$ cat protein_23.txt   # compact mmCIF, C-alpha atoms (C1' of nucleotides)
# COMPACT_ATOMS: atom_id res chain seq x y z
CA MET A 459 -14.97 -7.68 24.00
CA THR A 460 -12.96 -5.14 25.91
CA THR A 461 -14.07 -1.61 26.63
CA GLN A 462 -11.44 -0.29 24.21
CA ASP A 463 -12.70 -2.55 21.44
CA ARG A 464 -16.27 -1.50 22.00
CA LEU A 465 -15.25 2.14 21.83
CA VAL A 466 -13.26 1.62 18.64
CA GLU A 467 -16.04 -0.30 16.91
CA SER A 468 -18.67 2.22 17.88
CA THR A 469 -16.43 4.97 16.56
CA GLN A 470 -15.91 3.13 13.27
CA ASP A 471 -19.66 2.87 12.82
CA LEU A 472 -20.36 6.47 13.71
CA LEU A 473 -17.59 7.86 11.52
CA TRP A 474 -19.09 5.88 8.66
CA GLU A 475 -22.62 7.08 9.30
CA ARG A 476 -22.05 10.68 10.29
CA GLY A 477 -18.47 11.60 9.44
CA TYR A 478 -15.89 12.98 11.83
CA THR A 479 -17.42 16.41 12.40
CA GLY A 480 -20.83 14.87 12.89
CA THR A 481 -19.66 12.33 15.46
CA SER A 482 -19.65 13.40 19.10
CA PRO A 483 -17.87 11.72 22.01
CA ARG A 484 -21.27 11.57 23.72
CA ALA A 485 -22.73 9.52 20.87
CA ILE A 486 -19.74 7.18 20.86
CA GLN A 487 -20.02 6.57 24.58
CA GLN A 488 -23.71 5.88 24.38
CA ARG A 489 -23.37 3.46 21.48
CA ALA A 490 -20.55 1.66 23.25
CA GLY A 491 -22.42 1.61 26.55
CA VAL A 492 -19.53 3.27 28.31
CA GLY A 493 -19.23 6.31 30.55
CA GLN A 494 -17.32 9.46 29.77
CA GLY A 495 -14.52 8.64 32.17
CA SER A 496 -13.71 5.36 30.43
CA MET A 497 -13.35 6.93 27.06
CA TYR A 498 -10.98 9.61 28.26
CA HIS A 499 -9.08 7.06 30.29
CA HIS A 500 -8.32 4.84 27.29
CA PHE A 501 -7.98 7.39 24.51
CA GLU A 502 -6.73 10.89 23.99
CA GLY A 503 -10.06 12.53 23.29
CA LYS A 504 -11.99 12.36 20.07
CA PRO A 505 -9.01 12.64 17.72
CA GLY A 506 -7.12 9.80 19.39
CA LEU A 507 -10.10 7.51 19.33
CA ALA A 508 -10.91 8.40 15.75
CA ALA A 509 -7.32 7.69 14.71
CA ALA A 510 -7.54 4.21 16.22
CA ALA A 511 -10.88 3.61 14.50
CA LEU A 512 -9.57 4.74 11.13
CA ARG A 513 -6.48 2.56 11.37
CA ARG A 514 -8.71 -0.40 12.01
CA SER A 515 -11.10 0.43 9.15
CA ALA A 516 -8.13 0.85 6.84
CA GLU A 517 -6.76 -2.58 7.71
CA GLN A 518 -10.13 -4.18 7.13
CA LEU A 519 -10.66 -2.47 3.79
CA ARG A 520 -7.24 -3.53 2.66
CA ALA A 521 -7.87 -7.15 3.57
CA VAL A 522 -11.16 -7.23 1.69
CA ALA A 523 -9.70 -5.61 -1.42
CA GLU A 524 -6.67 -7.89 -1.40
CA ALA A 525 -8.95 -10.92 -1.42
CA ASP A 526 -10.44 -9.80 -4.75
CA LEU A 527 -7.19 -8.63 -6.29
CA ALA A 528 -5.20 -11.72 -5.36
CA ALA A 529 -7.87 -14.10 -6.66
CA PRO A 530 -7.00 -16.45 -9.53
CA GLY A 531 -7.90 -15.33 -13.04
CA THR A 532 -6.87 -12.80 -15.63
CA ALA A 533 -6.05 -9.22 -14.74
CA TYR A 534 -9.40 -8.12 -16.15
CA GLU A 535 -11.22 -10.69 -14.08
CA ARG A 536 -9.46 -9.64 -10.91
CA VAL A 537 -10.18 -5.96 -11.42
CA ALA A 538 -13.75 -6.85 -12.34
CA GLY A 539 -13.96 -8.86 -9.14
CA TYR A 540 -12.93 -5.79 -7.20
CA LEU A 541 -15.37 -3.54 -9.02
CA LEU A 542 -18.28 -5.95 -8.77
CA ARG A 543 -17.82 -6.92 -5.14
CA GLU A 544 -21.02 -6.64 -3.14
CA ARG A 545 -21.12 -3.28 -1.46
CA ASP A 546 -23.45 -1.37 0.76
CA VAL A 547 -23.47 1.35 -1.87
CA LEU A 548 -25.64 3.88 -0.09
CA ARG A 549 -23.49 3.74 3.02
CA GLY A 550 -20.44 4.49 0.92
CA CYS A 551 -16.78 3.96 1.74
CA ARG A 552 -15.66 4.22 5.34
CA ILE A 553 -12.31 5.56 4.30
CA GLY A 554 -13.21 7.68 1.29
CA ARG A 555 -15.83 9.52 3.27
CA MET A 556 -13.17 10.85 5.61
CA ALA A 557 -11.38 12.63 2.77
CA GLN A 558 -14.25 15.10 2.56
CA ASP A 559 -13.91 16.28 6.11
CA PRO A 560 -11.58 19.25 6.57
CA GLU A 561 -10.94 18.37 10.22
CA VAL A 562 -9.66 14.96 9.10
CA VAL A 563 -7.54 16.33 6.27
CA ALA A 564 -6.01 18.92 8.59
CA ASP A 565 -4.92 16.36 11.20
CA ALA A 566 -1.94 14.27 10.13
CA ARG A 567 -2.86 11.39 12.41
CA LEU A 568 -6.32 11.16 10.91
CA ARG A 569 -5.36 11.69 7.30
CA ALA A 570 -2.50 9.18 7.32
CA PRO A 571 -4.60 6.01 7.24
CA VAL A 572 -6.78 7.49 4.53
CA GLU A 573 -3.85 8.48 2.36
CA GLU A 574 -2.06 5.18 2.86
CA THR A 575 -5.11 3.14 2.04
CA PHE A 576 -5.67 4.77 -1.32
CA GLU A 577 -2.00 4.77 -2.14
CA TRP A 578 -1.85 1.07 -1.47
CA LEU A 579 -5.03 0.37 -3.41
CA ARG A 580 -3.95 2.29 -6.48
CA GLY A 581 -0.56 0.61 -6.38
CA ARG A 582 -2.04 -2.84 -5.98
CA ILE A 583 -4.44 -2.43 -8.89
CA ALA A 584 -1.65 -0.99 -11.01
CA GLU A 585 0.35 -4.14 -10.30
CA VAL A 586 -2.50 -6.34 -11.43
CA ILE A 587 -2.83 -4.36 -14.64
CA ALA A 588 0.92 -4.41 -15.27
CA GLU A 589 0.92 -8.17 -14.80
CA GLY A 590 -1.88 -8.47 -17.33
CA ARG A 591 0.23 -6.55 -19.79
CA GLU A 592 3.26 -8.72 -19.26
CA ARG A 593 1.19 -11.84 -19.77
CA GLY A 594 -0.22 -10.43 -22.98
CA GLU A 595 -3.78 -10.30 -21.69
CA LEU A 596 -4.04 -6.54 -22.01
CA ARG A 597 -2.89 -4.20 -24.75
CA PRO A 598 0.01 -1.92 -23.97
CA GLY A 599 -0.97 1.71 -23.75
CA ALA A 600 -1.83 3.95 -20.86
CA ASP A 601 0.17 3.95 -17.65
CA PRO A 602 -1.14 1.23 -15.31
CA GLY A 603 -1.03 3.73 -12.46
CA ASP A 604 -3.36 6.04 -14.38
CA LEU A 605 -5.77 3.23 -15.12
CA ALA A 606 -5.70 2.11 -11.50
CA ALA A 607 -6.47 5.64 -10.33
CA ALA A 608 -9.42 5.73 -12.72
CA VAL A 609 -10.72 2.42 -11.40
CA VAL A 610 -10.53 3.55 -7.79
CA ALA A 611 -12.05 6.91 -8.67
CA VAL A 612 -14.99 5.23 -10.39
CA VAL A 613 -15.81 3.41 -7.19
CA GLN A 614 -15.41 6.45 -4.96
CA GLY A 615 -17.29 8.67 -7.38
CA GLY A 616 -19.95 6.02 -7.81
CA TYR A 617 -20.68 6.27 -4.11
CA VAL A 618 -21.11 10.02 -4.45
CA LEU A 619 -23.54 9.66 -7.36
CA ALA A 620 -25.50 6.97 -5.55
CA ARG A 621 -25.96 9.04 -2.43
CA ALA A 622 -26.94 12.05 -4.51
CA ALA A 623 -29.59 9.98 -6.25
CA ASP A 624 -30.58 8.13 -3.07
CA GLY A 625 -30.33 4.92 -5.06
CA THR A 626 -27.72 2.46 -6.26
CA GLU A 627 -28.27 2.79 -9.98
CA PRO A 628 -25.67 5.46 -10.79
CA PHE A 629 -23.03 3.40 -8.99
CA GLU A 630 -23.90 0.32 -10.99
CA ARG A 631 -23.89 2.29 -14.22
CA ALA A 632 -20.48 3.78 -13.50
CA VAL A 633 -19.04 0.35 -12.77
CA ARG A 634 -20.58 -1.13 -15.92
CA GLY A 635 -19.20 1.76 -17.96
CA ALA A 636 -15.73 1.34 -16.53
CA LEU A 637 -15.81 -2.42 -17.10
CA ALA A 638 -16.89 -1.95 -20.70
CA LEU A 639 -13.96 0.38 -21.30
CA LEU A 640 -11.53 -1.99 -19.61
CA ALA A 641 -12.89 -4.98 -21.49
CA ALA A 642 -11.96 -3.25 -24.73
CA GLN A 643 -8.34 -3.33 -23.60
CA ARG A 644 -8.19 -7.11 -23.62
CA THR A 645 -6.26 -8.77 -26.39
CA ASP A 646 -8.40 -10.86 -28.69
CA MET B 890 -24.87 43.54 -3.40
CA THR B 891 -27.93 42.96 -1.25
CA THR B 892 -27.88 41.45 2.19
CA GLN B 893 -29.57 38.34 0.84
CA ASP B 894 -26.93 37.93 -1.82
CA ARG B 895 -24.13 38.31 0.66
CA LEU B 896 -25.72 35.69 2.88
CA VAL B 897 -26.17 33.28 0.00
CA GLU B 898 -22.62 33.71 -1.26
CA SER B 899 -21.13 33.30 2.18
CA THR B 900 -23.16 30.16 2.62
CA GLN B 901 -22.01 28.78 -0.73
CA ASP B 902 -18.41 29.28 0.31
CA LEU B 903 -18.81 27.80 3.75
CA LEU B 904 -20.72 24.78 2.51
CA TRP B 905 -17.89 24.16 0.08
CA GLU B 906 -15.19 24.54 2.71
CA ARG B 907 -16.78 22.88 5.69
CA GLY B 908 -19.84 21.00 4.53
CA TYR B 909 -23.36 21.40 5.85
CA THR B 910 -22.88 19.93 9.30
CA GLY B 911 -19.68 21.91 9.73
CA THR B 912 -21.26 25.23 8.79
CA SER B 913 -22.91 27.27 11.56
CA PRO B 914 -25.31 30.17 11.16
CA ARG B 915 -22.86 32.18 13.30
CA ALA B 916 -20.05 31.62 10.82
CA ILE B 917 -22.29 32.56 7.90
CA GLN B 918 -23.36 35.80 9.54
CA GLN B 919 -19.81 36.77 10.38
CA ARG B 920 -18.52 36.09 6.87
CA ALA B 921 -21.40 38.02 5.38
CA GLY B 922 -20.96 40.85 7.87
CA VAL B 923 -24.60 40.59 8.90
CA GLY B 924 -26.31 40.28 12.25
CA GLN B 925 -28.38 37.34 13.43
CA GLY B 926 -31.64 39.16 12.98
CA SER B 927 -31.05 39.80 9.29
CA MET B 928 -30.38 36.20 8.50
CA TYR B 929 -33.52 34.98 10.20
CA HIS B 930 -35.52 37.76 8.63
CA HIS B 931 -34.58 36.77 5.06
CA PHE B 932 -34.34 33.00 5.35
CA GLU B 933 -35.95 30.15 7.20
CA GLY B 934 -33.00 29.23 9.34
CA LYS B 935 -29.97 27.27 8.28
CA PRO B 936 -31.80 24.78 6.05
CA GLY B 937 -33.59 27.48 4.09
CA LEU B 938 -30.44 29.44 3.51
CA ALA B 939 -28.48 26.34 2.57
CA ALA B 940 -31.18 25.35 0.09
CA ALA B 941 -30.89 28.73 -1.61
CA ALA B 942 -27.10 28.45 -1.68
CA LEU B 943 -27.20 24.96 -3.17
CA ARG B 944 -29.66 25.95 -5.87
CA ARG B 945 -27.33 28.74 -6.87
CA SER B 946 -24.23 26.53 -6.86
CA ALA B 947 -26.09 23.97 -8.94
CA GLU B 948 -27.01 26.56 -11.56
CA GLN B 949 -23.43 27.76 -11.75
CA LEU B 950 -21.99 24.29 -12.06
CA ARG B 951 -24.43 23.49 -14.81
CA ALA B 952 -23.52 26.58 -16.77
CA VAL B 953 -19.81 25.85 -16.58
CA ALA B 954 -20.24 22.22 -17.61
CA GLU B 955 -22.55 23.12 -20.47
CA ALA B 956 -19.92 25.46 -21.86
CA ASP B 957 -17.51 22.54 -22.25
CA LEU B 958 -20.03 20.02 -23.47
CA ALA B 959 -21.62 22.31 -26.05
CA ALA B 960 -18.25 23.35 -27.48
CA PRO B 961 -17.47 22.55 -31.10
CA GLY B 962 -15.49 19.38 -31.84
CA THR B 963 -15.90 15.64 -31.73
CA ALA B 964 -17.66 13.87 -28.90
CA TYR B 965 -14.31 12.74 -27.53
CA GLU B 966 -12.98 16.27 -27.62
CA ARG B 967 -16.00 17.65 -25.82
CA VAL B 968 -15.86 15.04 -23.07
CA ALA B 969 -12.11 15.60 -22.82
CA GLY B 970 -12.79 19.32 -22.52
CA TYR B 971 -15.06 18.62 -19.60
CA LEU B 972 -12.57 16.27 -17.93
CA LEU B 973 -9.59 18.55 -18.46
CA ARG B 974 -11.22 21.80 -17.42
CA GLU B 975 -9.18 23.72 -14.87
CA ARG B 976 -10.38 22.86 -11.44
CA ASP B 977 -9.52 23.73 -7.89
CA VAL B 978 -9.00 20.04 -7.28
CA LEU B 979 -8.20 20.17 -3.58
CA ARG B 980 -11.32 22.15 -2.83
CA GLY B 981 -13.41 19.55 -4.60
CA CYS B 982 -16.92 19.80 -5.99
CA ARG B 983 -19.37 22.11 -4.29
CA ILE B 984 -22.24 19.85 -5.17
CA GLY B 985 -20.65 16.42 -4.86
CA ARG B 986 -19.42 17.23 -1.38
CA MET B 987 -22.98 17.62 -0.19
CA ALA B 988 -23.83 14.04 -1.07
CA GLN B 989 -21.63 12.84 1.78
CA ASP B 990 -23.55 14.68 4.44
CA PRO B 991 -26.39 12.68 5.99
CA GLU B 992 -28.21 15.84 7.02
CA VAL B 993 -28.30 16.94 3.39
CA VAL B 994 -29.37 13.57 2.07
CA ALA B 995 -32.13 13.38 4.66
CA ASP B 996 -33.65 16.74 3.73
CA ALA B 997 -35.53 16.73 0.41
CA ARG B 998 -35.02 20.46 -0.13
CA LEU B 999 -31.28 20.10 0.24
CA ARG B 1000 -30.83 16.89 -1.69
CA ALA B 1001 -32.95 17.96 -4.67
CA PRO B 1002 -30.41 20.32 -6.27
CA VAL B 1003 -27.67 17.75 -5.75
CA GLU B 1004 -29.66 14.96 -7.32
CA GLU B 1005 -30.84 17.09 -10.22
CA THR B 1006 -27.37 18.37 -11.00
CA PHE B 1007 -25.88 14.92 -11.37
CA GLU B 1008 -28.87 13.60 -13.23
CA TRP B 1009 -28.57 16.45 -15.71
CA LEU B 1010 -24.81 16.03 -16.03
CA ARG B 1011 -24.97 12.32 -16.67
CA GLY B 1012 -27.73 12.83 -19.19
CA ARG B 1013 -25.90 15.58 -20.98
CA ILE B 1014 -22.66 13.61 -21.30
CA ALA B 1015 -24.64 10.58 -22.44
CA GLU B 1016 -26.13 12.74 -25.21
CA VAL B 1017 -22.69 13.83 -26.35
CA ILE B 1018 -21.52 10.22 -26.46
CA ALA B 1019 -24.64 9.08 -28.30
CA GLU B 1020 -24.12 11.83 -30.87
CA GLY B 1021 -20.54 10.66 -31.36
CA ARG B 1022 -21.85 7.19 -32.07
CA GLU B 1023 -24.38 8.40 -34.61
CA ARG B 1024 -21.72 10.39 -36.37
CA GLY B 1025 -19.47 7.37 -36.52
CA GLU B 1026 -16.81 8.94 -34.32
CA LEU B 1027 -17.16 6.34 -31.58
CA ARG B 1028 -17.57 2.58 -31.77
CA PRO B 1029 -20.92 1.16 -30.78
CA GLY B 1030 -20.78 -0.79 -27.56
CA ALA B 1031 -21.57 0.09 -24.00
CA ASP B 1032 -24.64 2.11 -23.05
CA PRO B 1033 -23.85 5.84 -23.32
CA GLY B 1034 -25.53 6.36 -19.94
CA ASP B 1035 -23.13 3.90 -18.34
CA LEU B 1036 -20.13 5.58 -19.91
CA ALA B 1037 -21.39 9.00 -18.83
CA ALA B 1038 -21.81 7.77 -15.26
CA ALA B 1039 -18.25 6.47 -15.33
CA VAL B 1040 -16.97 9.82 -16.58
CA VAL B 1041 -18.75 11.77 -13.86
CA ALA B 1042 -17.68 9.26 -11.23
CA VAL B 1043 -14.04 9.59 -12.26
CA VAL B 1044 -14.20 13.30 -11.58
CA GLN B 1045 -16.00 12.95 -8.26
CA GLY B 1046 -13.79 10.09 -7.18
CA GLY B 1047 -10.73 11.97 -8.35
CA TYR B 1048 -11.55 14.71 -5.89
CA VAL B 1049 -11.75 12.14 -3.11
CA LEU B 1050 -8.36 10.66 -4.00
CA ALA B 1051 -6.78 14.09 -4.27
CA ARG B 1052 -7.97 15.20 -0.87
CA ALA B 1053 -6.87 11.90 0.65
CA ALA B 1054 -3.39 12.44 -0.80
CA ASP B 1055 -3.40 16.18 -0.09
CA GLY B 1056 -2.25 16.69 -3.66
CA THR B 1057 -3.67 16.84 -7.15
CA GLU B 1058 -1.75 13.97 -8.70
CA PRO B 1059 -4.30 11.19 -8.16
CA PHE B 1060 -6.98 13.34 -9.75
CA GLU B 1061 -4.84 13.97 -12.78
CA ARG B 1062 -3.97 10.30 -13.05
CA ALA B 1063 -7.60 9.24 -12.88
CA VAL B 1064 -8.54 11.70 -15.60
CA ARG B 1065 -5.66 10.59 -17.80
CA GLY B 1066 -6.63 6.97 -17.29
CA ALA B 1067 -10.24 7.63 -18.19
CA LEU B 1068 -9.25 9.61 -21.27
CA ALA B 1069 -6.95 6.83 -22.44
CA LEU B 1070 -9.80 4.35 -22.17
CA LEU B 1071 -12.21 6.66 -23.97
CA ALA B 1072 -9.68 7.42 -26.69
CA ALA B 1073 -9.57 3.72 -27.51
CA GLN B 1074 -13.27 3.92 -28.37
CA ARG B 1075 -12.69 6.30 -31.26
CA THR B 1076 -13.04 4.92 -34.74
CA ASP B 1077 -9.82 4.93 -36.74
C1' DG C 963 -10.80 1.62 35.43
C1' DT C 964 -15.22 3.60 35.77
C1' DC C 965 -18.61 6.83 37.41
C1' DT C 966 -20.84 11.40 38.36
C1' DA C 967 -20.36 16.25 38.58
C1' DT C 968 -19.02 20.34 36.60
C1' DA C 969 -17.15 23.90 33.21
C1' DT C 970 -16.98 26.38 28.86
C1' DT C 971 -18.04 27.32 24.47
C1' DC C 972 -20.82 26.74 20.42
C1' DG C 973 -25.12 25.70 17.63
C1' DG C 974 -29.42 27.16 16.41
C1' DA C 975 -33.08 29.92 17.22
C1' DT C 976 -36.71 33.43 19.30
C1' DA C 977 -38.12 38.07 21.23
C1' DG C 978 -38.53 42.47 21.03
C1' DA C 979 -36.35 47.16 20.72
C1' DC C 980 -35.09 50.52 17.23
C1' DG D 756 -34.87 45.38 7.98
C1' DT D 757 -31.44 45.23 11.37
C1' DC D 758 -29.66 44.94 16.00
C1' DT D 759 -29.03 43.17 20.79
C1' DA D 760 -30.46 40.22 24.42
C1' DT D 761 -31.54 35.91 25.76
C1' DC D 762 -32.62 30.79 25.77
C1' DC D 763 -31.66 25.87 25.79
C1' DG D 764 -29.27 22.03 24.69
C1' DA D 765 -25.14 19.83 22.73
C1' DA D 766 -19.97 19.38 22.08
C1' DT D 767 -15.79 18.50 24.36
C1' DA D 768 -13.32 18.10 28.13
C1' DT D 769 -11.53 18.11 33.26
C1' DA D 770 -11.92 16.90 38.35
C1' DG D 771 -12.30 14.05 41.67
C1' DA D 772 -15.00 10.32 44.14
C1' DC D 773 -15.37 5.31 44.27
$ encode --input "protein_23.txt" --output "structure tokens"
Amino acid sequence: MTTQDRLVESTQDLLWERGYTGTSPRAIQQRAGVGQGSMYHHFEGKPGLAAAALRRSAEQLRAVAEADLAAPGTAYERVAGYLLRERDVLRGCRIGRMAQDPEVVADARLRAPVEETFEWLRGRIAEVIAEGRERGELRPGADPGDLAAAVVAVVQGGYVLARAADGTEPFERAVRGALALLAAQRTD
Amino acid sequence: MTTQDRLVESTQDLLWERGYTGTSPRAIQQRAGVGQGSMYHHFEGKPGLAAAALRRSAEQLRAVAEADLAAPGTAYERVAGYLLRERDVLRGCRIGRMAQDPEVVADARLRAPVEETFEWLRGRIAEVIAEGRERGELRPGADPGDLAAAVVAVVQGGYVLARAADGTEPFERAVRGALALLAAQRTD
DNA sequence: GTCTATATTCGGATAGAC
DNA sequence: GTCTATCCGAATATAGAC
């Protein structure tokens, strides 16, 4: 693995664990086993490195989500697959976590991958729901975009509740609740 | 207002804006218009002051939520009142934000008010839903605790989506989606 | 490309005068 | 109770040798 790659991966991990404000260049260099000079040679300081790390995390998240959403099955089953995917609940979402940090939100290069990821995810889930409607699997009713936003919010909010409780139960409850409500939308 | 109160209020604001890791004693003192000595005289450093601020924010949040949930009306209307309350969406939740900070989660005195607030909120909403069931307003089905967790998660996740988008729309969508799903649980 | 020095400011806190 | 002085290490970065 190249020095750049080691720096990017270490940054991904640290941003996940400690957030942007809580992650220092020092800590990144140590985790990557790289000196200060190397980091500043390859990247434009902490923001540049973080931007690269976030772009990479965003790509990876997208690929994982697409695998669930493009799976065979009914719309309900595909959304359920997304909601029930195995997650490291107490670690939370690498991308969603960034939205809480004002330094990230204030920097266009850092916020862009976060914004794009959620925009894509909501759009993709809305598509799945709209398809389910067209196929007659789901009742017509609420805007698919609204339902998709609710689904994504349940996951992101579930992480918040789980960390607050220092346990996974609230996350699992929220997902079960959301699935029960979605299940009631299926045609008989 | 006493010096203590000014310190606590300034800390509440800064924790909301910048999070725990991003809030320095210096910044607190300046916002409160108080010297270093005063702060360390009245509180046990940053953690002690933050604990006091979080307890106060938790009380306030609880009071506001209770007002909506104890309002007259059907269970659906009361939950809708909670979901549709006016919020400063882009600022997010003072309590939920803390759950993302590893320094908060690691310190029992800081995590306690966060945990208790969400536990209370989920329980209170579950009560409202259970009452609706008993009164025949809502169909029997999913566990009220699961539905309550989903409701709270939609709000917390909605904040995440809104900040990611730098706009309130995703929050409003998520709430509309959740309300549409809940509305379908009403008896005819 | 990578390393070691060095610089500056901030974070978090203590000491002791008033 | 409040203020100023002071301390030490960390955060973030630059300079320049190798």
$ residues_near_point --input "protein_23.txt" --point "(-16.5, 3.4, 44.5)" --cutoff "10 Å" --atoms "only C-alpha atoms (C1' of nucleotides)" --output "PyMOL selection string"
(chain C and resi 964-965) or (chain D and resi 772-773)
$ atom_distance --input "protein_23.txt" --atom1 "CA of Ala600 (chain A)" --atom2 "CA of Arg967 (chain B)"
20.3 Å
$ atom_distance --input "protein_23.txt" --atom1 "CA of Thr910 (chain B)" --atom2 "CA of Gln925 (chain B)"
18.7 Å
$ closest_atom_pairs --input "protein_23.txt" --of "chain A" --to "chain B" --cutoff "6 Å" --atoms "all atoms listed in the file" --output "CSV"
residue,atom,partner,partner_atom,distance
A:Ala557,CA,B:Ala1053,CA,5.0
A:Val572,CA,B:Ala1053,CA,5.9
A:Glu573,CA,B:Ala1053,CA,4.9
A:Asp604,CA,B:Gly1066,CA,4.5
A:Leu605,CA,B:Gly1066,CA,4.4
A:Ala607,CA,B:Ala1063,CA,4.6
A:Ala608,CA,B:Ala1063,CA,4.0
A:Ala611,CA,B:Gly1046,CA,3.9
A:Val612,CA,B:Val1043,CA,4.8
A:Gln614,CA,B:Gly1046,CA,4.6
A:Gly615,CA,B:Gly1046,CA,3.8
A:Gly616,CA,B:Ala1042,CA,5.2
A:Val618,CA,B:Ala988,CA,5.9
A:Arg621,CA,B:Ala988,CA,5.6
A:Ala622,CA,B:Glu1004,CA,4.9
A:Ala623,CA,B:Glu1004,CA,5.1
A:Arg631,CA,B:Asp1035,CA,4.5
A:Ala632,CA,B:Ala1039,CA,3.9
A:Gly635,CA,B:Leu1036,CA,4.4
A:Ala636,CA,B:Ala1039,CA,5.8
A:Leu639,CA,B:Leu1070,CA,5.8
$ write_last_selection --input "protein_23.txt" --atoms "C-alpha atoms" --output "PDB file, keeping the file's coordinate frame"
ATOM      1  CA  ALA A 557     -11.380  12.630   2.770  1.00  0.00           C
ATOM      2  CA  VAL A 572      -6.780   7.490   4.530  1.00  0.00           C
ATOM      3  CA  GLU A 573      -3.850   8.480   2.360  1.00  0.00           C
ATOM      4  CA  ASP A 604      -3.360   6.040 -14.380  1.00  0.00           C
ATOM      5  CA  LEU A 605      -5.770   3.230 -15.120  1.00  0.00           C
ATOM      6  CA  ALA A 607      -6.470   5.640 -10.330  1.00  0.00           C
ATOM      7  CA  ALA A 608      -9.420   5.730 -12.720  1.00  0.00           C
ATOM      8  CA  ALA A 611     -12.050   6.910  -8.670  1.00  0.00           C
ATOM      9  CA  VAL A 612     -14.990   5.230 -10.390  1.00  0.00           C
ATOM     10  CA  GLN A 614     -15.410   6.450  -4.960  1.00  0.00           C
ATOM     11  CA  GLY A 615     -17.290   8.670  -7.380  1.00  0.00           C
ATOM     12  CA  GLY A 616     -19.950   6.020  -7.810  1.00  0.00           C
ATOM     13  CA  VAL A 618     -21.110  10.020  -4.450  1.00  0.00           C
ATOM     14  CA  ARG A 621     -25.960   9.040  -2.430  1.00  0.00           C
ATOM     15  CA  ALA A 622     -26.940  12.050  -4.510  1.00  0.00           C
ATOM     16  CA  ALA A 623     -29.590   9.980  -6.250  1.00  0.00           C
ATOM     17  CA  ARG A 631     -23.890   2.290 -14.220  1.00  0.00           C
ATOM     18  CA  ALA A 632     -20.480   3.780 -13.500  1.00  0.00           C
ATOM     19  CA  GLY A 635     -19.200   1.760 -17.960  1.00  0.00           C
ATOM     20  CA  ALA A 636     -15.730   1.340 -16.530  1.00  0.00           C
ATOM     21  CA  LEU A 639     -13.960   0.380 -21.300  1.00  0.00           C
TER      22      LEU A 639
END
$ interface_residues --input "protein_23.txt" --of "chain C" --to "chain B" --cutoff "9 Å" --atoms "all atoms listed in the file" --output "ChimeraX atom specification"
/C:973-975
$ interface_residues --input "protein_23.txt" --of "chain B" --to "chain D" --cutoff "12 Å" --atoms "only C-alpha atoms (C1' of nucleotides)" --output "PyMOL selection string"
chain B and resi 891-893+922-931
$ residues_around --input "protein_23.txt" --residues "Gly539 (chain A)" --least-positions-apart "5" --cutoff "10 Å" --atoms "all atoms listed in the file" --output "ChimeraX atom specification"
/A:523,525-529,531,533-534,544
$ residues_around --input "protein_23.txt" --residues "Leu596 (chain A)" --least-positions-apart "2" --cutoff "7 Å" --atoms "all atoms listed in the file" --output "list in words"
Gly590, Arg591, Gly594, Pro598, Gln643, Arg644 and Thr645 of chain A
$ write_last_selection --input "protein_23.txt" --atoms "C-alpha atoms" --output "compact mmCIF listing (two decimals), in the coordinates of the input"
# COMPACT_ATOMS: atom_id res chain seq x y z
CA GLY A 590 -1.88 -8.47 -17.33
CA ARG A 591 0.23 -6.55 -19.79
CA GLY A 594 -0.22 -10.43 -22.98
CA PRO A 598 0.01 -1.92 -23.97
CA GLN A 643 -8.34 -3.33 -23.60
CA ARG A 644 -8.19 -7.11 -23.62
CA THR A 645 -6.26 -8.77 -26.39
$ atom_distance --input "protein_23.txt" --atom1 "CA of Gly937 (chain B)" --atom2 "CA of Asp471 (chain A)"
29.6 Å
$ residues_around --input "protein_23.txt" --residues "Arg567 (chain A)" --least-positions-apart "6" --cutoff "10 Å" --atoms "all atoms listed in the file" --output "VMD selection string"
chain A and resid 505 to 506 508 to 510 512 to 513
$ build_atoms --input "protein_23.txt" --residues "region 953-960 of chain B" --atoms "N, CA and C atoms" --output "PDB file, in the coordinates of the input"
ATOM      1  N   VAL B 953     -21.222  26.088 -16.257  1.00  0.00           N
ATOM      2  CA  VAL B 953     -19.810  25.850 -16.580  1.00  0.00           C
ATOM      3  C   VAL B 953     -19.666  24.543 -17.368  1.00  0.00           C
ATOM      4  N   ALA B 954     -20.352  23.510 -16.928  1.00  0.00           N
ATOM      5  CA  ALA B 954     -20.240  22.220 -17.610  1.00  0.00           C
ATOM      6  C   ALA B 954     -20.820  22.316 -19.027  1.00  0.00           C
ATOM      7  N   GLU B 955     -21.918  23.013 -19.153  1.00  0.00           N
ATOM      8  CA  GLU B 955     -22.550  23.120 -20.470  1.00  0.00           C
ATOM      9  C   GLU B 955     -21.615  23.801 -21.465  1.00  0.00           C
ATOM     10  N   ALA B 956     -20.857  24.764 -20.975  1.00  0.00           N
ATOM     11  CA  ALA B 956     -19.920  25.460 -21.860  1.00  0.00           C
ATOM     12  C   ALA B 956     -18.941  24.472 -22.490  1.00  0.00           C
ATOM     13  N   ASP B 957     -18.432  23.531 -21.700  1.00  0.00           N
ATOM     14  CA  ASP B 957     -17.510  22.540 -22.250  1.00  0.00           C
ATOM     15  C   ASP B 957     -18.214  21.549 -23.163  1.00  0.00           C
ATOM     16  N   LEU B 958     -19.382  21.121 -22.744  1.00  0.00           N
ATOM     17  CA  LEU B 958     -20.030  20.020 -23.470  1.00  0.00           C
ATOM     18  C   LEU B 958     -20.692  20.499 -24.757  1.00  0.00           C
ATOM     19  N   ALA B 959     -20.999  21.771 -24.835  1.00  0.00           N
ATOM     20  CA  ALA B 959     -21.620  22.310 -26.050  1.00  0.00           C
ATOM     21  C   ALA B 959     -20.574  22.900 -26.990  1.00  0.00           C
ATOM     22  N   ALA B 960     -19.305  22.788 -26.642  1.00  0.00           N
ATOM     23  CA  ALA B 960     -18.250  23.350 -27.480  1.00  0.00           C
ATOM     24  C   ALA B 960     -18.207  22.622 -28.835  1.00  0.00           C
TER      25      ALA B 960
END
